[in-house]
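Peer 1: The following file, work-v6.txt, comprises compact mmCIF, C-alpha atoms and all ligand atoms:
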# COMPACT_ATOMS: atom_id res chain seq x y z
CA MET J 6 0.00 0.00 0.00
CA LEU J 7 2.60 2.60 1.12
CA GLU J 8 6.29 2.45 0.32
CA VAL J 9 8.92 4.91 1.51
CA ARG J 10 12.13 4.83 -0.51
CA ASP J 11 15.35 6.50 0.62
CA LEU J 12 13.60 9.52 2.10
CA ARG J 13 15.78 12.44 3.20
CA LYS J 14 14.77 15.74 4.76
CA SER J 15 16.93 18.56 6.14
CA TYR J 16 16.23 21.88 7.72
CA GLY J 17 19.50 23.74 7.20
CA ASP J 18 22.69 21.66 6.92
CA ASP J 19 21.90 18.73 9.21
CA PRO J 20 19.54 16.03 7.92
CA VAL J 21 16.53 15.33 10.14
CA PHE J 22 16.53 11.87 8.56
CA ALA J 23 18.21 10.26 5.55
CA GLY J 24 17.96 7.00 3.65
CA LEU J 25 14.67 6.10 5.31
CA ARG J 26 12.98 3.02 3.86
CA PHE J 27 9.90 1.14 5.00
CA THR J 28 6.61 -0.24 3.74
CA ILE J 29 3.12 -0.50 5.19
CA ALA J 30 0.66 -3.03 3.83
CA ALA J 31 -3.11 -2.81 4.12
CA GLY J 32 -4.07 -3.97 7.61
CA GLU J 33 -0.64 -3.19 9.08
CA ALA J 34 0.42 -0.52 11.53
CA VAL J 35 3.84 1.08 11.69
CA ALA J 36 4.84 3.22 14.68
CA VAL J 37 7.30 6.08 14.28
CA GLU J 38 9.30 6.46 17.47
CA GLY J 39 12.15 8.66 18.67
CA ARG J 40 13.04 11.40 21.11
CA ASN J 41 11.63 14.94 20.94
CA GLY J 42 12.92 16.63 17.80
CA SER J 43 14.02 13.41 16.10
CA GLY J 44 11.82 14.03 13.06
CA LYS J 45 8.61 12.05 13.62
CA SER J 46 6.23 14.88 12.69
CA THR J 47 8.43 15.86 9.76
CA LEU J 48 8.31 12.30 8.44
CA LEU J 49 4.51 12.12 8.70
CA LYS J 50 4.22 15.49 6.95
CA CYS J 51 6.43 14.19 4.13
CA LEU J 52 4.22 11.09 3.84
CA VAL J 53 1.07 13.15 3.27
CA GLY J 54 2.79 15.89 1.24
CA ALA J 55 2.46 18.65 3.86
CA GLU J 56 6.29 18.91 3.66
CA THR J 57 8.47 18.21 0.65
CA GLN J 58 11.31 15.76 1.13
CA ASP J 59 14.77 16.63 -0.24
CA ALA J 60 15.25 13.19 -1.77
CA GLY J 61 13.51 9.86 -2.06
CA GLU J 62 9.97 8.87 -2.87
CA VAL J 63 6.67 8.02 -1.25
CA LEU J 64 4.71 5.52 -3.33
CA VAL J 65 1.09 4.47 -2.94
CA ASP J 66 0.27 1.16 -4.59
CA GLY J 67 3.49 1.49 -6.60
CA VAL J 68 2.80 4.99 -7.92
CA VAL J 69 4.52 8.16 -6.67
CA ARG J 70 2.12 9.84 -4.24
CA ASP J 71 0.53 13.02 -5.54
CA GLU J 72 -0.88 14.85 -2.53
CA ALA J 73 -3.00 17.07 -4.78
CA SER J 74 -4.78 14.13 -6.40
CA ALA J 75 -8.37 13.39 -5.45
CA SER J 76 -7.56 9.70 -5.11
CA PHE J 77 -4.78 10.27 -2.54
CA ARG J 78 -7.00 12.62 -0.54
CA ALA J 79 -9.84 10.11 -0.68
CA LEU J 80 -7.52 7.39 0.60
CA THR J 81 -5.77 9.29 3.36
CA ALA J 82 -7.18 10.41 6.69
CA SER J 83 -4.59 12.28 8.72
CA LEU J 84 -4.29 14.12 12.00
CA LEU J 85 -1.04 16.03 12.22
CA ASP J 86 0.08 18.26 15.06
CA ASP J 87 -1.24 21.49 13.59
CA ALA J 88 -4.96 20.76 13.10
CA ASP J 89 -7.06 23.89 12.73
CA TYR J 90 -10.82 24.31 12.86
CA PHE J 91 -13.20 26.96 11.59
CA PRO J 92 -13.90 29.03 14.71
CA ASP J 93 -17.56 29.55 13.82
CA VAL J 94 -18.44 25.98 12.78
CA SER J 95 -19.69 23.69 15.54
CA VAL J 96 -18.34 20.24 16.37
CA VAL J 97 -21.19 18.39 14.68
CA GLU J 98 -21.08 20.72 11.66
CA HIS J 99 -17.34 20.07 11.23
CA LEU J 100 -17.93 16.34 11.18
CA ARG J 101 -20.88 16.63 8.79
CA LEU J 102 -18.68 18.71 6.49
CA VAL J 103 -15.87 16.16 6.47
CA ALA J 104 -18.30 13.27 5.97
CA TRP J 105 -20.03 15.06 3.12
CA LEU J 106 -16.76 16.09 1.41
CA HIS J 107 -15.56 12.51 1.39
CA GLY J 108 -18.83 10.91 0.33
CA THR J 109 -19.45 8.92 3.50
CA PRO J 110 -22.40 6.58 3.02
CA GLU J 111 -25.10 7.40 5.60
CA PRO J 112 -23.18 10.46 6.84
CA GLU J 113 -25.60 11.51 9.60
CA ARG J 114 -25.58 8.07 11.23
CA GLU J 115 -21.77 7.90 10.97
CA VAL J 116 -21.36 11.38 12.48
CA LEU J 117 -23.66 10.56 15.41
CA ASP J 118 -21.89 7.22 16.00
CA VAL J 119 -18.44 8.82 16.01
CA LEU J 120 -19.60 11.69 18.25
CA GLY J 121 -20.80 9.09 20.77
CA GLU J 122 -17.70 6.93 20.44
CA LEU J 123 -15.43 9.89 21.13
CA GLY J 124 -17.51 11.29 23.97
CA LEU J 125 -18.32 14.46 22.04
CA SER J 126 -22.12 14.20 21.99
CA GLU J 127 -22.51 16.67 24.85
CA VAL J 128 -20.39 19.31 23.13
CA ARG J 129 -21.73 18.71 19.62
CA ASP J 130 -23.14 22.24 19.31
CA GLN J 131 -20.12 24.03 20.79
CA LEU J 132 -17.63 25.98 18.70
CA PRO J 133 -13.99 24.76 18.59
CA PRO J 134 -12.55 27.68 20.63
CA THR J 135 -14.83 26.69 23.54
CA LEU J 136 -13.57 23.08 23.68
CA SER J 137 -10.97 21.79 26.12
CA SER J 138 -7.66 20.76 24.55
CA GLY J 139 -8.57 17.10 24.95
CA GLN J 140 -11.97 17.65 23.33
CA ARG J 141 -10.31 19.53 20.46
CA HIS J 142 -7.97 16.60 19.95
CA ARG J 143 -10.95 14.24 20.01
CA LEU J 144 -12.57 16.34 17.28
CA GLY J 145 -9.42 15.86 15.18
CA LEU J 146 -9.59 12.10 15.69
CA ALA J 147 -13.34 12.09 14.97
CA SER J 148 -12.66 13.89 11.67
CA CYS J 149 -10.54 10.90 10.60
CA PHE J 150 -13.21 8.35 11.50
CA VAL J 151 -16.33 9.90 9.92
CA ARG J 152 -14.93 9.43 6.41
CA PRO J 153 -13.86 6.46 4.30
CA ARG J 154 -10.11 5.74 4.51
CA GLY J 155 -7.48 3.26 3.43
CA LEU J 156 -4.50 4.99 5.03
CA LEU J 157 -4.49 6.58 8.47
CA VAL J 158 -1.66 8.94 9.42
CA LEU J 159 -1.68 10.12 13.05
CA ASP J 160 0.82 12.25 14.92
CA GLU J 161 0.82 11.33 18.62
CA PRO J 162 -2.86 10.34 18.63
CA GLU J 163 -2.64 9.60 22.35
CA GLN J 164 -1.83 13.18 23.30
CA ARG J 165 -4.24 14.87 25.72
CA LEU J 166 -6.42 11.73 25.98
CA ASP J 167 -7.48 10.53 29.41
CA THR J 168 -7.09 6.89 30.46
CA GLN J 169 -10.44 5.86 29.01
CA GLY J 170 -9.62 7.73 25.80
CA ARG J 171 -6.29 5.91 25.46
CA THR J 172 -8.03 2.56 25.91
CA TRP J 173 -10.54 3.56 23.24
CA LEU J 174 -7.73 4.62 20.89
CA ARG J 175 -5.89 1.33 21.24
CA GLU J 176 -8.99 -0.69 20.42
CA ARG J 177 -9.98 1.63 17.58
CA LEU J 178 -6.58 1.33 15.90
CA LYS J 179 -6.73 -2.45 16.19
CA ALA J 180 -10.18 -2.33 14.56
CA GLU J 181 -8.80 -0.13 11.77
CA LYS J 182 -6.15 -2.75 11.02
CA ALA J 183 -8.75 -5.51 11.08
CA ALA J 184 -10.78 -3.51 8.53
CA GLY J 185 -7.74 -3.41 6.21
CA VAL J 186 -6.62 0.17 6.86
CA ALA J 187 -2.88 0.85 6.75
CA VAL J 188 -1.91 2.85 9.84
CA VAL J 189 1.20 4.92 10.50
CA PHE J 190 1.44 6.81 13.76
CA ALA J 191 4.06 8.69 15.74
CA SER J 192 3.92 7.99 19.44
CA HIS J 193 5.69 8.27 22.77
CA ASP J 194 3.27 5.75 24.32
CA ARG J 195 4.99 2.36 24.62
CA ASP J 196 1.74 0.61 25.61
CA LEU J 197 -0.01 1.88 22.49
CA VAL J 198 2.92 0.96 20.25
CA GLU J 199 3.18 -2.53 21.69
CA ALA J 200 -0.57 -3.13 21.41
CA VAL J 201 -1.02 -1.81 17.87
CA ALA J 202 2.19 -1.65 15.83
CA ASP J 203 3.50 -4.48 13.68
CA ARG J 204 6.84 -2.66 13.31
CA SER J 205 8.52 0.53 14.42
CA VAL J 206 10.59 3.05 12.53
CA LEU J 207 13.09 4.50 15.01
CA LEU J 208 14.34 7.99 14.28
N1 LIG Q 1 9.65 24.20 9.61
C1 LIG Q 1 10.80 23.93 10.23
N2 LIG Q 1 11.88 24.71 10.05
C2 LIG Q 1 13.06 24.43 10.66
N3 LIG Q 1 13.26 23.37 11.45
C3 LIG Q 1 12.22 22.55 11.67
C4 LIG Q 1 10.94 22.79 11.07
N4 LIG Q 1 10.10 21.81 11.46
C5 LIG Q 1 10.81 21.01 12.27
N5 LIG Q 1 12.08 21.46 12.40
C6 LIG Q 1 13.15 20.82 13.18
O1 LIG Q 1 13.26 19.49 12.71
C7 LIG Q 1 13.51 18.61 13.81
C8 LIG Q 1 12.44 17.54 13.84
O2 LIG Q 1 11.20 18.13 14.27
P1 LIG Q 1 9.89 17.25 14.41
O3 LIG Q 1 8.79 18.16 14.79
O4 LIG Q 1 9.72 16.44 13.19
O5 LIG Q 1 10.29 16.30 15.63
P2 LIG Q 1 9.41 15.24 16.43
O6 LIG Q 1 10.20 13.96 16.44
O7 LIG Q 1 8.04 15.17 15.87
O8 LIG Q 1 9.41 15.87 17.90
P3 LIG Q 1 8.37 15.75 19.13
O9 LIG Q 1 8.55 14.37 19.74
O10 LIG Q 1 8.86 16.82 20.04
O11 LIG Q 1 6.99 15.99 18.61
C9 LIG Q 1 13.57 19.47 15.07
O12 LIG Q 1 14.92 19.73 15.36
C10 LIG Q 1 12.82 20.73 14.66
O13 LIG Q 1 13.32 21.84 15.36
As structure tokens, what does this structure read like?
Ligand SMILES: Nc1ncnc2c1ncn2[C@@H]1O[C@H](COP(=O)(O)OP(=O)(O)OP(=O)(O)O)[C@@H](O)[C@H]1O
Peer 2:
Amino acid sequence: MLEVRDLRKSYGDDPVFAGLRFTIAAGEAVAVEGRNGSGKSTLLKCLVGAETQDAGEVLVDGVVRDEASASFRALTASLLDDADYFPDVSVVEHLRLVAWLHGTPEPEREVLDVLGELGLSEVRDQLPPTLSSGQRHRLGLASCFVRPRGLLVLDEPEQRLDTQGRTWLRERLKAEKAAGVAVVFASHDRDLVEAVADRSVLL
């Protein structure tokens, strides 16, 4: 499904990473691990095309990934560390928008299910600036799960989640794999990595 070939990225003279190679098949999860500043977010941004690598290629099903293509955007649900929301669009409206944009079958049922799953039903009519940081992060996760996806790219999905939220996340990522989704996630949570990842890329 996803193949990373000899990826290199630098800011200034020192490479953040170089010669990076790995693959992710449908139904597999790869964890990206490493200390603060080791390049995990940069790598995930290069995978989805939010950053441009200096060398190397990202291939999807054997074809160089074109982040502007409708097919790549239809395939890829991502939550990176800089998610923004429209300040005047409520939680439920955000999710309806994402579901509609991506052609989710039965969007209203899916939105209500995901709101419940993520514990956001009570704040469904609130605007993003009024949410707690954990609720805002849950909205970012919910945005990934209200739409069809074949590739899930998550940057520290465990951040700001409470204990119950982390348990939910672990089970949800296992279910994603079982449904054939390829998952790549950066994480500092050893329990999550051990429960979900088939392999790790250490930066
Ligand atoms: N836009 C940028 N311009 C210059 N340097 C950058 C930029 N983005 C990231 N860096 C640098 O690249 C390195 C990797 O950053 P990155 O955010 O990928 O690390 P990370 O592994 O995700 O860290 P953390 O665990 O703290 O989230 C850091 O040294 C960071 O300062």
Peer 1: If we count all atoms listed in the file, what is near range 132-149 of chain J at a cut-off of 9 Å, once residues fewer than 5 positions away on the same chain are taken out, given as a VMD selection string?
Peer 2: chain J and resid 81 to 85 88 to 96 99 to 100 103 to 104 116 119 to 120 122 to 125 154 157 159 162 164 to 167 170
Peer 1: Enumerate as a PDB file with C-alpha atoms, in the coordinates of the input the residues within 7 Å of ligand LIG 1 (chain Q), counting only C-alpha atoms and all ligand atoms.
Peer 2:
ATOM      1  CA  TYR J  16      16.230  21.880   7.720  1.00  0.00           C
ATOM      2  CA  VAL J  21      16.530  15.330  10.140  1.00  0.00           C
ATOM      3  CA  GLY J  39      12.150   8.660  18.670  1.00  0.00           C
ATOM      4  CA  ARG J  40      13.040  11.400  21.110  1.00  0.00           C
ATOM      5  CA  ASN J  41      11.630  14.940  20.940  1.00  0.00           C
ATOM      6  CA  GLY J  42      12.920  16.630  17.800  1.00  0.00           C
ATOM      7  CA  SER J  43      14.020  13.410  16.100  1.00  0.00           C
ATOM      8  CA  GLY J  44      11.820  14.030  13.060  1.00  0.00           C
ATOM      9  CA  LYS J  45       8.610  12.050  13.620  1.00  0.00           C
ATOM     10  CA  SER J  46       6.230  14.880  12.690  1.00  0.00           C
ATOM     11  CA  THR J  47       8.430  15.860   9.760  1.00  0.00           C
ATOM     12  CA  LEU J  48       8.310  12.300   8.440  1.00  0.00           C
TER      13      LEU J  48
END
Peer 1: Just give me the gap between CA of Val198 in chain J and CA of Ala36 in chain J in Å, one decimal is fine.
Peer 2: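 Interatomic distance here is 6.3 Å.
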Peer 1: Grab the CA of Val9 in chain J to CA of Glu176 in chain J distance for me, in Å with one decimal place.
Peer 2: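 Distance between the two atoms: 26.6 Å.
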Peer 1: Would you kindly return, as a PyMOL selection string, each protein, DNA or RNA residue with an atom no farther than 12 Å from any atom of Trp105 in chain J, considering all atoms listed in the file and excluding same-chain residues fewer than 5 positions away?
Peer 2: chain J and resi 79+98-100+110-113+115-116+148+151-153
Peer 1: Give, as JSON, the centre coordinates and the x, y and z edge lengths in Å to one decimal for an axis-aligned box around all listed atoms of range 191-202 of chain J, padded by 6 Å on each side.
Peer 2:
{"center_x": 2.3, "center_y": 2.8, "center_z": 20.7, "size_x": 18.7, "size_y": 23.8, "size_z": 21.9}
Peer 1: Neighbouring residues of range 181-197 of chain J were defined as those with any atom within 8 Å, considering all atoms listed in the file; residues of the same chain fewer than 4 positions away were excluded. Please report them as a ChimeraX atom specification.
Peer 2: /J:6,29-39,45-46,49,154-163,175,177,201-202
Peer 1: Show me the residues close to (10.0, 20.8, 4.0) - anything with an atom within 8 Å, counting all atoms listed in the file - and format the list as a list in words.
Peer 2: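 Those within range, by chain then number, are Lys14, Ser15, Tyr16, Thr47, Cys51, Ala55, Glu56, Thr57, Gln58 and Asp59 of chain J.
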Peer 1: Taking all atoms listed in the file into account, name the residue in J:Val53, J:Leu117, J:Leu7, J:Leu25 that is nearest to Arg101 in chain J.
Peer 2: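 Comparing J:Val53, J:Leu117, J:Leu7, J:Leu25 against Arg101 in chain J, the winner is J:Leu117.
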Peer 1: Could you state the separation of CA of Arg114 in chain J and CA of Leu102 in chain J in Å, given to one decimal place?
Peer 2: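 Separation of CA of Arg114 in chain J and CA of Leu102 in chain J: 13.5 Å.
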Peer 1: Which is closest to Glu127 in chain J among J:Phe22, J:Val97, J:Asp66, J:Trp173, if we use all atoms listed in the file?
Peer 2: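 Residue with the minimum atom-to-atom distance to Glu127 in chain J: J:Val97.
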Peer 1: With only C-alpha atoms as the basis for distance, which of J:Glu62, J:Asp203, J:Leu106, J:Gly54 is at the shortest distance from Arg26 in chain J?
Peer 2: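 Closest candidate: J:Glu62.
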Peer 1: Atoms are missing here; could range 81-116 of chain J be completed with N, CA and C atoms and written as a CSV table (one decimal), keeping the file's coordinate frame?
Peer 2:
chain,number,residue,atom,x,y,z
J,81,THR,N,-6.6,9.0,2.2
J,81,THR,CA,-5.8,9.3,3.4
J,81,THR,C,-6.5,10.2,4.4
J,82,ALA,N,-6.7,9.6,5.6
J,82,ALA,CA,-7.2,10.4,6.7
J,82,ALA,C,-6.0,10.7,7.6
J,83,SER,N,-5.8,12.0,7.9
J,83,SER,CA,-4.6,12.3,8.7
J,83,SER,C,-4.9,13.3,9.8
J,84,LEU,N,-4.2,13.1,10.9
J,84,LEU,CA,-4.3,14.1,12.0
J,84,LEU,C,-2.9,14.4,12.4
J,85,LEU,N,-2.4,15.6,11.9
J,85,LEU,CA,-1.0,16.0,12.2
J,85,LEU,C,-1.1,17.0,13.4
J,86,ASP,N,0.1,17.5,13.8
J,86,ASP,CA,0.1,18.3,15.1
J,86,ASP,C,-0.4,19.7,14.9
J,87,ASP,N,-0.9,20.1,13.8
J,87,ASP,CA,-1.2,21.5,13.6
J,87,ASP,C,-2.7,21.6,13.1
J,88,ALA,N,-3.6,20.7,13.6
J,88,ALA,CA,-5.0,20.8,13.1
J,88,ALA,C,-5.6,22.1,13.5
J,89,ASP,N,-6.3,22.6,12.5
J,89,ASP,CA,-7.1,23.9,12.7
J,89,ASP,C,-8.5,23.6,12.5
J,90,TYR,N,-9.4,24.4,13.1
J,90,TYR,CA,-10.8,24.3,12.9
J,90,TYR,C,-11.4,25.7,12.6
J,91,PHE,N,-12.5,25.7,11.8
J,91,PHE,CA,-13.2,27.0,11.6
J,91,PHE,C,-13.8,27.4,12.9
J,92,PRO,N,-13.5,28.6,13.4
J,92,PRO,CA,-13.9,29.0,14.7
J,92,PRO,C,-15.4,29.1,14.9
J,93,ASP,N,-16.1,29.3,13.7
J,93,ASP,CA,-17.6,29.6,13.8
J,93,ASP,C,-18.4,28.4,13.3
J,94,VAL,N,-17.7,27.2,13.2
J,94,VAL,CA,-18.4,26.0,12.8
J,94,VAL,C,-18.4,25.0,13.9
J,95,SER,N,-19.6,24.5,14.3
J,95,SER,CA,-19.7,23.7,15.5
J,95,SER,C,-19.1,22.3,15.3
J,96,VAL,N,-18.9,21.6,16.4
J,96,VAL,CA,-18.3,20.2,16.4
J,96,VAL,C,-19.1,19.4,15.4
J,97,VAL,N,-20.4,19.3,15.5
J,97,VAL,CA,-21.2,18.4,14.7
J,97,VAL,C,-21.2,18.9,13.2
J,98,GLU,N,-21.1,20.2,13.0
J,98,GLU,CA,-21.1,20.7,11.7
J,98,GLU,C,-19.7,20.4,11.0
J,99,HIS,N,-18.6,20.5,11.8
J,99,HIS,CA,-17.3,20.1,11.2
J,99,HIS,C,-17.4,18.6,10.7
J,100,LEU,N,-17.9,17.8,11.5
J,100,LEU,CA,-17.9,16.3,11.2
J,100,LEU,C,-18.9,16.1,10.0
J,101,ARG,N,-20.0,16.8,9.9
J,101,ARG,CA,-20.9,16.6,8.8
J,101,ARG,C,-20.2,17.1,7.5
J,102,LEU,N,-19.4,18.2,7.6
J,102,LEU,CA,-18.7,18.7,6.5
J,102,LEU,C,-17.7,17.7,6.0
J,103,VAL,N,-16.9,17.1,6.9
J,103,VAL,CA,-15.9,16.2,6.5
J,103,VAL,C,-16.5,14.9,5.8
J,104,ALA,N,-17.6,14.5,6.5
J,104,ALA,CA,-18.3,13.3,6.0
J,104,ALA,C,-18.9,13.5,4.6
J,105,TRP,N,-19.4,14.7,4.4
J,105,TRP,CA,-20.0,15.1,3.1
J,105,TRP,C,-18.9,15.2,2.0
J,106,LEU,N,-17.8,15.9,2.4
J,106,LEU,CA,-16.8,16.1,1.4
J,106,LEU,C,-16.2,14.8,0.9
J,107,HIS,N,-16.2,13.8,1.8
J,107,HIS,CA,-15.6,12.5,1.4
J,107,HIS,C,-16.6,11.4,1.0
J,108,GLY,N,-17.8,11.8,0.8
J,108,GLY,CA,-18.8,10.9,0.3
J,108,GLY,C,-19.1,9.8,1.2
J,109,THR,N,-19.1,10.0,2.6
J,109,THR,CA,-19.4,8.9,3.5
J,109,THR,C,-20.9,8.4,3.3
J,110,PRO,N,-21.0,7.1,3.1
J,110,PRO,CA,-22.4,6.6,3.0
J,110,PRO,C,-23.1,6.8,4.4
J,111,GLU,N,-24.3,7.1,4.4
J,111,GLU,CA,-25.1,7.4,5.6
J,111,GLU,C,-24.3,8.4,6.5
J,112,PRO,N,-24.0,9.6,6.1
J,112,PRO,CA,-23.2,10.5,6.8
J,112,PRO,C,-23.7,10.8,8.2
J,113,GLU,N,-25.1,11.1,8.3
J,113,GLU,CA,-25.6,11.5,9.6
J,113,GLU,C,-25.5,10.4,10.7
J,114,ARG,N,-25.7,9.2,10.3
J,114,ARG,CA,-25.6,8.1,11.2
J,114,ARG,C,-24.1,7.9,11.7
J,115,GLU,N,-23.2,8.0,10.7
J,115,GLU,CA,-21.8,7.9,11.0
J,115,GLU,C,-21.3,9.0,11.9
J,116,VAL,N,-21.8,10.2,11.6
J,116,VAL,CA,-21.4,11.4,12.5
J,116,VAL,C,-21.9,11.2,13.9
